[in-house]
$ cat input-v2.cif   # mmCIF, C-alpha atoms
data_run
#
loop_
_atom_site.group_PDB
_atom_site.id
_atom_site.type_symbol
_atom_site.label_atom_id
_atom_site.label_comp_id
_atom_site.auth_asym_id
_atom_site.auth_seq_id
_atom_site.Cartn_x
_atom_site.Cartn_y
_atom_site.Cartn_z
ATOM 1 C CA MET A 1 111.280 127.122 96.145
ATOM 2 C CA SER A 2 108.634 124.632 95.082
ATOM 3 C CA SER A 3 105.155 125.212 96.472
ATOM 4 C CA GLU A 4 103.825 121.848 95.307
ATOM 5 C CA ILE A 5 101.794 119.872 97.844
ATOM 6 C CA GLN A 6 101.893 116.126 98.503
ATOM 7 C CA ARG A 7 98.767 114.450 99.864
ATOM 8 C CA PHE A 8 97.731 110.874 100.655
ATOM 9 C CA TYR A 9 94.319 109.211 100.346
ATOM 10 C CA LEU A 10 92.971 105.818 101.312
ATOM 11 C CA ASP A 11 92.204 103.516 98.401
ATOM 12 C CA TRP A 12 92.443 104.748 94.810
ATOM 13 C CA GLY A 13 91.329 108.270 94.039
ATOM 14 C CA ILE A 14 91.618 111.868 95.203
ATOM 15 C CA TYR A 15 88.563 111.924 97.462
ATOM 16 C CA PRO A 16 88.636 114.717 100.098
ATOM 17 C CA GLY A 17 86.855 112.542 102.650
ATOM 18 C CA GLU A 18 89.588 109.886 102.344
ATOM 19 C CA GLU A 19 92.653 112.088 102.988
ATOM 20 C CA VAL A 20 95.047 110.629 105.581
ATOM 21 C CA THR A 21 98.604 111.152 106.773
ATOM 22 C CA ARG A 22 101.539 109.534 104.986
ATOM 23 C CA GLU A 23 101.992 107.152 107.910
ATOM 24 C CA GLU A 24 98.334 106.093 107.832
ATOM 25 C CA ALA A 25 98.504 105.496 104.065
ATOM 26 C CA LEU A 26 101.653 103.386 104.279
ATOM 27 C CA ASP A 27 100.177 101.391 107.144
ATOM 28 C CA GLU A 28 97.003 100.700 105.142
ATOM 29 C CA GLY A 29 98.903 99.685 101.978
ATOM 30 C CA ASP A 30 96.099 100.522 99.503
ATOM 31 C CA TYR A 31 96.420 104.248 98.919
ATOM 32 C CA THR A 32 96.920 107.156 96.520
ATOM 33 C CA ARG A 33 99.829 109.599 96.653
ATOM 34 C CA ALA A 34 98.926 112.829 94.862
ATOM 35 C CA GLN A 35 101.157 115.749 93.914
ATOM 36 C CA LEU A 36 99.244 119.051 93.659
ATOM 37 C CA ASN A 37 100.277 122.509 92.500
ATOM 38 C CA GLU A 38 99.987 125.604 94.695
ATOM 39 C CA SER A 39 96.367 126.048 93.604
ATOM 40 C CA GLY A 40 95.461 122.525 94.725
ATOM 41 C CA ALA A 41 95.085 121.116 91.213
ATOM 42 C CA PRO A 42 96.624 117.649 90.733
ATOM 43 C CA LEU A 43 99.791 117.150 88.716
ATOM 44 C CA PHE A 44 99.896 113.373 89.099
ATOM 45 C CA ALA A 45 98.518 110.607 91.315
ATOM 46 C CA GLU A 46 100.247 107.312 92.073
ATOM 47 C CA PHE A 47 98.081 104.337 93.032
ATOM 48 C CA TYR A 48 99.421 101.622 95.362
ATOM 49 C CA ASP A 49 98.042 98.145 96.038
ATOM 50 C CA SER A 50 99.497 96.590 99.210
ATOM 51 C CA GLY A 51 102.301 99.146 98.953
ATOM 52 C CA ARG A 52 103.094 98.340 95.311
ATOM 53 C CA LEU A 53 102.763 101.004 92.620
ATOM 54 C CA PHE A 54 100.417 99.710 89.919
ATOM 55 C CA HIS A 55 99.181 102.794 88.047
ATOM 56 C CA VAL A 56 99.893 106.525 87.627
ATOM 57 C CA ASP A 57 97.547 109.253 86.385
ATOM 58 C CA TYR A 58 98.808 112.601 85.070
ATOM 59 C CA TRP A 59 97.092 115.943 84.449
ATOM 60 C CA THR A 60 98.937 117.792 81.698
ATOM 61 C CA SER A 61 98.763 119.898 78.555
ATOM 62 C CA ASP A 62 101.872 118.163 77.132
ATOM 63 C CA PRO A 63 100.938 114.466 76.866
ATOM 64 C CA GLU A 64 103.859 113.344 74.713
ATOM 65 C CA SER A 65 106.452 114.732 77.140
ATOM 66 C CA VAL A 66 104.667 113.129 80.090
ATOM 67 C CA ARG A 67 104.419 109.799 78.282
ATOM 68 C CA ASN A 68 108.152 109.781 77.551
ATOM 69 C CA ASN A 69 108.993 110.763 81.123
ATOM 70 C CA HIS A 70 106.761 108.039 82.542
ATOM 71 C CA LEU A 71 108.280 105.330 80.357
ATOM 72 C CA LEU A 72 111.728 106.448 81.501
ATOM 73 C CA HIS A 73 111.011 106.516 85.243
ATOM 74 C CA HIS A 74 108.239 103.892 85.607
ATOM 75 C CA PRO A 75 108.820 101.255 82.917
ATOM 76 C CA GLY A 76 106.200 98.505 82.922
ATOM 77 C CA ILE A 77 103.633 100.516 84.932
ATOM 78 C CA PRO A 78 100.306 101.346 83.182
ATOM 79 C CA PHE A 79 99.310 105.012 83.225
ATOM 80 C CA GLY A 80 96.699 107.546 82.187
ATOM 81 C CA ILE A 81 96.902 111.122 80.884
ATOM 82 C CA GLN A 82 93.972 113.388 81.757
ATOM 83 C CA LEU A 83 92.949 116.152 79.342
ATOM 84 C CA THR A 84 90.115 118.579 80.110
ATOM 85 C CA VAL A 85 88.064 119.050 76.959
ATOM 86 C CA GLN A 86 85.056 121.164 77.999
ATOM 87 C CA HIS A 87 83.759 123.281 80.891
ATOM 88 C CA ILE A 88 79.986 123.598 81.023
ATOM 89 C CA GLY A 89 78.333 125.351 83.952
ATOM 90 C CA ASN A 90 79.657 123.907 87.214
ATOM 91 C CA TYR A 91 80.906 120.763 85.463
ATOM 92 C CA CYS A 92 83.729 119.719 83.191
ATOM 93 C CA TRP A 93 84.278 116.873 80.753
ATOM 94 C CA SER A 94 87.719 115.283 80.579
ATOM 95 C CA VAL A 95 89.189 112.431 78.570
ATOM 96 C CA SER A 96 91.778 110.109 80.078
ATOM 97 C CA HIS A 97 93.999 108.339 77.554
ATOM 98 C CA ARG A 98 94.808 104.945 79.074
ATOM 99 C CA TYR A 99 98.147 103.311 78.328
ATOM 100 C CA ALA A 100 99.178 99.695 78.861
ATOM 101 C CA ASN A 101 102.411 98.718 80.611
ATOM 102 C CA SER A 102 104.029 98.611 77.156
ATOM 103 C CA GLY A 103 103.294 102.322 76.683
ATOM 104 C CA ASP A 104 100.757 101.610 73.918
ATOM 105 C CA LEU A 105 97.388 103.366 73.967
ATOM 106 C CA ALA A 106 94.777 100.908 75.302
ATOM 107 C CA GLY A 107 91.552 102.940 75.390
ATOM 108 C CA TYR A 108 89.848 105.934 76.960
ATOM 109 C CA LEU A 109 87.939 106.965 80.056
ATOM 110 C CA VAL A 110 85.581 109.923 79.724
ATOM 111 C CA HIS A 111 84.844 111.673 83.033
ATOM 112 C CA LEU A 112 82.180 114.141 84.081
ATOM 113 C CA GLU A 113 83.225 116.027 87.222
ATOM 114 C CA ARG A 114 82.052 118.982 89.244
ATOM 115 C CA ILE A 115 84.470 121.905 88.946
ATOM 116 C CA ASN A 116 87.435 121.626 91.351
ATOM 117 C CA THR A 117 86.683 118.083 92.522
ATOM 118 C CA TYR A 118 89.261 116.512 90.167
ATOM 119 C CA ASP A 119 89.481 112.740 90.553
ATOM 120 C CA ALA A 120 86.031 112.462 92.194
ATOM 121 C CA ALA A 121 84.161 111.817 88.950
ATOM 122 C CA LEU A 122 80.359 111.784 88.881
ATOM 123 C CA MET A 123 80.273 109.783 85.641
ATOM 124 C CA THR A 124 82.857 107.623 83.874
ATOM 125 C CA LEU A 125 82.497 105.991 80.466
ATOM 126 C CA GLN A 126 84.904 103.230 79.451
ATOM 127 C CA ILE A 127 85.591 103.362 75.702
ATOM 128 C CA ASP A 128 87.858 101.091 73.660
ATOM 129 C CA LEU A 129 90.298 101.983 70.894
ATOM 130 C CA GLN A 130 87.553 101.595 68.283
ATOM 131 C CA ARG A 131 85.520 104.253 70.165
ATOM 132 C CA GLN A 132 83.006 101.614 71.289
ATOM 133 C CA LEU A 133 81.393 102.125 74.694
ATOM 134 C CA LYS A 134 82.067 99.241 77.085
ATOM 135 C CA LYS A 135 80.357 100.408 80.292
ATOM 136 C CA ILE A 136 79.245 103.430 82.314
ATOM 137 C CA GLU A 137 79.731 104.112 86.015
ATOM 138 C CA LYS A 138 78.268 106.900 88.139
ATOM 139 C CA ASN A 139 79.386 107.794 91.656
ATOM 140 C CA SER A 140 77.457 109.470 94.450
ATOM 141 C CA TYR A 141 79.326 111.135 97.330
ATOM 142 C CA ASP A 142 78.369 112.020 100.881
ATOM 143 C CA SER A 143 78.540 115.649 102.048
ATOM 144 C CA ASP A 144 82.063 115.065 103.426
ATOM 145 C CA GLY A 145 83.344 113.899 100.031
ATOM 146 C CA GLN A 146 83.353 110.170 100.789
ATOM 147 C CA LEU A 147 82.242 107.828 98.014
ATOM 148 C CA HIS A 148 78.841 106.335 98.859
ATOM 149 C CA TYR A 149 77.119 104.650 95.875
ATOM 150 C CA VAL A 150 78.617 103.259 92.673
ATOM 151 C CA PHE A 151 76.082 102.630 89.898
ATOM 152 C CA GLU A 152 77.192 100.491 86.947
ATOM 153 C CA TYR A 153 75.360 100.462 83.599
ATOM 154 C CA ASN A 154 75.682 98.408 80.424
ATOM 155 C CA PRO A 155 76.395 100.069 77.031
ATOM 156 C CA GLU A 156 72.637 100.489 76.512
ATOM 157 C CA GLY A 157 72.398 102.608 79.685
ATOM 158 C CA ASP A 158 70.571 100.078 81.898
ATOM 159 C CA VAL A 159 71.584 99.644 85.548
ATOM 160 C CA VAL A 160 73.353 96.311 86.071
ATOM 161 C CA SER A 161 74.684 96.761 89.635
ATOM 162 C CA ILE A 162 74.716 99.165 92.583
ATOM 163 C CA HIS A 163 77.297 99.118 95.369
ATOM 164 C CA ASP A 164 76.911 100.903 98.700
ATOM 165 C CA SER A 165 80.554 101.542 99.593
ATOM 166 C CA PRO A 166 80.225 102.301 103.359
ATOM 167 C CA GLU A 167 77.852 99.380 103.935
ATOM 168 C CA GLY A 168 79.472 96.958 101.500
ATOM 169 C CA SER A 169 75.991 96.034 100.272
ATOM 170 C CA THR A 170 74.116 95.940 96.943
ATOM 171 C CA PRO A 171 70.861 97.865 97.434
ATOM 172 C CA GLN A 172 67.914 97.821 95.051
ATOM 173 C CA LEU A 173 67.660 100.691 92.552
ATOM 174 C CA ALA A 174 64.608 102.297 94.196
ATOM 175 C CA ALA A 175 66.262 102.390 97.618
ATOM 176 C CA ALA A 176 69.477 103.915 96.241
ATOM 177 C CA LEU A 177 67.599 106.542 94.198
ATOM 178 C CA ASP A 178 65.755 107.621 97.355
ATOM 179 C CA ASP A 179 69.132 108.331 98.978
ATOM 180 C CA VAL A 180 70.938 110.370 96.275
ATOM 181 C CA ASP A 181 70.757 114.072 95.440
ATOM 182 C CA MET A 182 70.029 113.656 91.696
ATOM 183 C CA PRO A 183 67.807 110.577 91.258
ATOM 184 C CA ASP A 184 67.047 111.296 87.594
ATOM 185 C CA PHE A 185 70.786 111.413 86.836
ATOM 186 C CA TYR A 186 71.421 108.003 88.410
ATOM 187 C CA ARG A 187 68.279 106.316 87.093
ATOM 188 C CA GLU A 188 69.701 105.791 83.570
ATOM 189 C CA GLY A 189 73.250 105.600 82.235
ATOM 190 C CA PHE A 190 73.128 108.361 79.629
ATOM 191 C CA ALA A 191 71.227 110.879 81.780
ATOM 192 C CA LEU A 192 73.166 114.054 82.612
ATOM 193 C CA PRO A 193 72.704 116.517 85.483
ATOM 194 C CA ALA A 194 70.031 119.180 85.099
ATOM 195 C CA GLY A 195 71.348 122.214 83.270
ATOM 196 C CA ILE A 196 73.831 120.291 81.110
ATOM 197 C CA ASP A 197 71.443 117.649 79.760
ATOM 198 C CA ARG A 198 72.014 118.963 76.235
ATOM 199 C CA SER A 199 75.783 118.509 76.538
ATOM 200 C CA SER A 200 77.461 116.060 74.161
ATOM 201 C CA ILE A 201 79.531 113.271 75.710
ATOM 202 C CA PRO A 202 83.140 113.469 74.387
ATOM 203 C CA LEU A 203 84.099 110.668 71.973
ATOM 204 C CA LEU A 204 80.427 109.623 71.802
ATOM 205 C CA GLY A 205 78.464 112.844 71.425
ATOM 206 C CA GLY A 206 77.302 113.996 68.047
#
$ encode --input "input-v2.cif" --output "structure tokens"
Amino acid sequence: MSSEIQRFYLDWGIYPGEEVTREEALDEGDYTRAQLNESGAPLFAEFYDSGRLFHVDYWTSDPESVRNNHLLHHPGIPFGIQLTVQHIGNYCWSVSHRYANSGDLAGYLVHLERINTYDAALMTLQIDLQRQLKKIEKNSYDSDGQLHYVFEYNPEGDVVSIHDSPEGSTPQLAAALDDVDMPDFYREGFALPAGIDRSSIPLLGG
């Protein structure tokens, strides 16, 4: 008997503070349906916009098999395959290979996450097929796991925008830094949390 678990979340991501019932998710329309193993680790997550599937993410150690299976069952739907590449302290680096609706590789997302938080990335770097950095985002979460601030940086590491998700506002940098748990981490795009500041960023690190 399968012991896999199905869970639903508002909007797009596996954020503990956004978990809802299936009925609530379907009523909202913008939601994530995640399939987890018995340990609570994700196997895949389907993302829906107004009830329409538009993207699927997979966590796997067999990317080619997953790619073939996706193209068979979800033709025309873009997808990502998540591969953990390094654990360091209480954090892990992962690389998501991003595929277009044709099934061709389109680029990469590099994520820094706290252990066992999965899709709730602290830091995401968007990298193209030529391994050129396009932008950096960092997320800050409230104590209940809800996304609070989204910081966006240019390829040079400078802050270009800040979004306060609960308020729907765009606060100034100083105000946002006063309200986060790791101000030095969010102050600059390439800064890493204390204790792993010597870590190399996958695909970019030397």
$ closest_residue --input "input-v2.cif" --among "A:Ser50, A:Lys138, A:Arg198, A:Ala34" --to "Pro183 of chain A" --atoms "only C-alpha atoms"
A:Lys138
$ closest_residue --input "input-v2.cif" --among "A:Leu177, A:Phe151, A:Glu28, A:Glu167" --to "Gly189 of chain A" --atoms "only C-alpha atoms"
A:Phe151
$ closest_residue --input "input-v2.cif" --among "A:Leu147, A:Leu173, A:Leu43, A:Ile162" --to "Glu18 of chain A" --atoms "all atoms listed in the file"
A:Leu147
$ closest_atom_pairs --input "input-v2.cif" --of "segment 57-108 of chain A" --to "segment 114-129 of chain A" --cutoff "9 Å" --atoms "all atoms listed in the file" --output "JSON lines"
{"residue": "A:His87", "atom": "CA", "partner": "A:Ile115", "partner_atom": "CA", "distance": 8.2}
{"residue": "A:Gly89", "atom": "CA", "partner": "A:Ile115", "partner_atom": "CA", "distance": 8.6}
{"residue": "A:Asn90", "atom": "CA", "partner": "A:Ile115", "partner_atom": "CA", "distance": 5.5}
{"residue": "A:Tyr91", "atom": "CA", "partner": "A:Arg114", "partner_atom": "CA", "distance": 4.3}
{"residue": "A:Cys92", "atom": "CA", "partner": "A:Ile115", "partner_atom": "CA", "distance": 6.2}
{"residue": "A:Leu105", "atom": "CA", "partner": "A:Leu129", "partner_atom": "CA", "distance": 7.9}
{"residue": "A:Ala106", "atom": "CA", "partner": "A:Leu129", "partner_atom": "CA", "distance": 6.4}
{"residue": "A:Gly107", "atom": "CA", "partner": "A:Asp128", "partner_atom": "CA", "distance": 4.5}
{"residue": "A:Tyr108", "atom": "CA", "partner": "A:Ile127", "partner_atom": "CA", "distance": 5.1}
$ closest_residue --input "input-v2.cif" --among "A:Trp93, A:Tyr31, A:Tyr58, A:Tyr99" --to "Tyr15 of chain A" --atoms "all atoms listed in the file"
A:Tyr31
$ residues_near_point --input "input-v2.cif" --point "(75.9, 112.1, 76.8)" --cutoff "9 Å" --atoms "only C-alpha atoms" --output "list in words"
Gly189, Phe190, Ala191, Leu192, Asp197, Arg198, Ser199, Ser200, Ile201, Pro202, Leu204 and Gly205 of chain A
$ residues_around --input "input-v2.cif" --residues "Asn154 of chain A" --least-positions-apart "3" --cutoff "8 Å" --atoms "only C-alpha atoms" --output "list in words"
Lys134, Lys135, Ile136, Gly157, Asp158, Val159, Val160 and Gly189 of chain A
$ resolve_selection --input "input-v2.cif" --expression "the PyMOL selection byres ((chain A and resi 61) around 9)" --output "PyMOL selection string"
chain A and resi 59-60+62-63+82-84
$ residues_around --input "input-v2.cif" --residues "Arg67 of chain A" --least-positions-apart "3" --cutoff "9 Å" --atoms "all atoms listed in the file" --output "MDAnalysis selection string"
chainID A and resid 62:64 70:72 79:81 103
$ write_last_selection --input "input-v2.cif" --atoms "C-alpha atoms" --output "tab-separated table (two decimals), in the frame of the given file"
chain	number	residue	atom	x	y	z
A	62	ASP	CA	101.87	118.16	77.13
A	63	PRO	CA	100.94	114.47	76.87
A	64	GLU	CA	103.86	113.34	74.71
A	70	HIS	CA	106.76	108.04	82.54
A	71	LEU	CA	108.28	105.33	80.36
A	72	LEU	CA	111.73	106.45	81.50
A	79	PHE	CA	99.31	105.01	83.22
A	80	GLY	CA	96.70	107.55	82.19
A	81	ILE	CA	96.90	111.12	80.88
A	103	GLY	CA	103.29	102.32	76.68
$ resolve_selection --input "input-v2.cif" --expression "the PyMOL selection byres ((chain A and resi 182) around 12)" --output "list in words"
Leu122, Lys138, Asn139, Ser140, Tyr141, Ala176, Leu177, Asp178, Asp179, Val180, Asp181, Pro183, Asp184, Phe185, Tyr186, Arg187, Glu188, Ala191, Leu192, Pro193 and Ala194 of chain A
$ atom_distance --input "input-v2.cif" --atom1 "atom CA of His74 of chain A" --atom2 "atom CA of His97 of chain A"
17.0 Å
$ atom_distance --input "input-v2.cif" --atom1 "atom CA of Gln146 of chain A" --atom2 "atom CA of Leu109 of chain A"
21.5 Å
$ atom_distance --input "input-v2.cif" --atom1 "atom CA of His148 of chain A" --atom2 "atom CA of Ala175 of chain A"
13.2 Å
$ resolve_selection --input "input-v2.cif" --expression "the PyMOL selection byres ((chain A and resi 20) around 8)" --output "JSON, numbers by chain"
{"A": [7, 8, 9, 10, 18, 19, 21, 22, 24, 25]}
$ closest_residue --input "input-v2.cif" --among "A:Ile88, A:Leu112, A:Ile77, A:Leu26" --to "Ala100 of chain A" --atoms "all atoms listed in the file"
A:Ile77
$ closest_residue --input "input-v2.cif" --among "A:Gly168, A:Gly17, A:Gly40, A:Pro78" --to "Arg98 of chain A" --atoms "only C-alpha atoms"
A:Pro78
$ axis_aligned_box --input "input-v2.cif" --around "segment 181-197 of chain A" --padding-each-side "4 Å" --output "lines of an AutoDock Vina configuration file"
center_x = 70.4
center_y = 113.9
center_z = 87.5
size_x = 14.8
size_y = 24.6
size_z = 23.8
$ residues_near_point --input "input-v2.cif" --point "(94.2, 103.1, 95.1)" --cutoff "7 Å" --atoms "all atoms listed in the file" --output "VMD selection string"
chain A and resid 10 to 13 30 to 32 47 to 49
$ build_atoms --input "input-v2.cif" --residues "segment 72-83 of chain A" --atoms "all heavy atoms" --output "compact mmCIF listing (two decimals), in the coordinates of the input"
# COMPACT_ATOMS: atom_id res chain seq x y z
N LEU A 72 110.35 106.41 81.02
CA LEU A 72 111.73 106.45 81.50
C LEU A 72 111.82 106.10 82.98
O LEU A 72 112.69 105.33 83.40
CB LEU A 72 112.32 107.84 81.25
CG LEU A 72 113.76 108.07 81.75
CD1 LEU A 72 114.74 107.16 81.01
CD2 LEU A 72 114.14 109.54 81.58
N HIS A 73 110.90 106.65 83.79
CA HIS A 73 111.01 106.52 85.24
C HIS A 73 110.16 105.39 85.82
O HIS A 73 110.43 104.92 86.93
CB HIS A 73 110.64 107.84 85.92
CG HIS A 73 111.63 108.93 85.68
ND1 HIS A 73 111.48 109.88 84.67
CD2 HIS A 73 112.81 109.21 86.29
CE1 HIS A 73 112.51 110.70 84.69
NE2 HIS A 73 113.33 110.32 85.65
N HIS A 74 109.11 104.96 85.10
CA HIS A 74 108.24 103.89 85.61
C HIS A 74 107.98 102.85 84.52
O HIS A 74 106.84 102.59 84.15
CB HIS A 74 106.90 104.48 86.08
CG HIS A 74 107.02 105.47 87.18
ND1 HIS A 74 107.48 105.15 88.45
CD2 HIS A 74 106.74 106.80 87.22
CE1 HIS A 74 107.46 106.22 89.21
NE2 HIS A 74 107.03 107.24 88.49
N PRO A 75 109.03 102.25 83.98
CA PRO A 75 108.82 101.26 82.92
C PRO A 75 107.97 100.09 83.42
O PRO A 75 108.14 99.62 84.55
CB PRO A 75 110.25 100.80 82.58
CG PRO A 75 111.06 101.12 83.80
CD PRO A 75 110.45 102.37 84.37
N GLY A 76 107.03 99.66 82.57
CA GLY A 76 106.20 98.50 82.92
C GLY A 76 104.99 98.83 83.77
O GLY A 76 104.22 97.93 84.09
N ILE A 77 104.78 100.12 84.11
CA ILE A 77 103.63 100.52 84.93
C ILE A 77 102.59 101.19 84.04
O ILE A 77 102.89 102.19 83.38
CB ILE A 77 104.05 101.48 86.05
CG1 ILE A 77 105.09 100.84 86.96
CG2 ILE A 77 102.83 101.93 86.86
CD1 ILE A 77 104.60 99.64 87.74
N PRO A 78 101.35 100.68 83.97
CA PRO A 78 100.31 101.35 83.18
C PRO A 78 100.06 102.76 83.70
O PRO A 78 100.30 103.07 84.88
CB PRO A 78 99.08 100.45 83.40
CG PRO A 78 99.63 99.14 83.84
CD PRO A 78 100.87 99.45 84.61
N PHE A 79 99.54 103.63 82.82
CA PHE A 79 99.31 105.01 83.22
C PHE A 79 98.19 105.63 82.40
O PHE A 79 97.74 105.08 81.40
CB PHE A 79 100.60 105.84 83.10
CG PHE A 79 101.15 105.97 81.70
CD1 PHE A 79 100.99 107.14 80.97
CD2 PHE A 79 101.85 104.92 81.10
CE1 PHE A 79 101.50 107.27 79.69
CE2 PHE A 79 102.37 105.05 79.83
CZ PHE A 79 102.19 106.22 79.12
N GLY A 80 97.73 106.80 82.88
CA GLY A 80 96.70 107.55 82.19
C GLY A 80 97.09 109.01 82.10
O GLY A 80 97.79 109.52 82.98
N ILE A 81 96.66 109.69 81.05
CA ILE A 81 96.90 111.12 80.88
C ILE A 81 95.55 111.81 80.75
O ILE A 81 94.77 111.50 79.84
CB ILE A 81 97.80 111.40 79.67
CG1 ILE A 81 99.20 110.81 79.91
CG2 ILE A 81 97.87 112.88 79.38
CD1 ILE A 81 100.16 111.00 78.75
N GLN A 82 95.27 112.73 81.68
CA GLN A 82 93.97 113.39 81.76
C GLN A 82 93.99 114.72 81.01
O GLN A 82 94.86 115.56 81.27
CB GLN A 82 93.59 113.67 83.22
CG GLN A 82 94.04 112.62 84.22
CD GLN A 82 93.32 111.31 84.06
OE1 GLN A 82 92.16 111.27 83.64
NE2 GLN A 82 93.98 110.22 84.39
N LEU A 83 93.06 114.91 80.11
CA LEU A 83 92.95 116.15 79.34
C LEU A 83 91.54 116.71 79.48
O LEU A 83 90.56 116.04 79.15
CB LEU A 83 93.26 115.90 77.86
CG LEU A 83 94.64 115.31 77.54
CD1 LEU A 83 94.71 114.90 76.08
CD2 LEU A 83 95.73 116.31 77.86
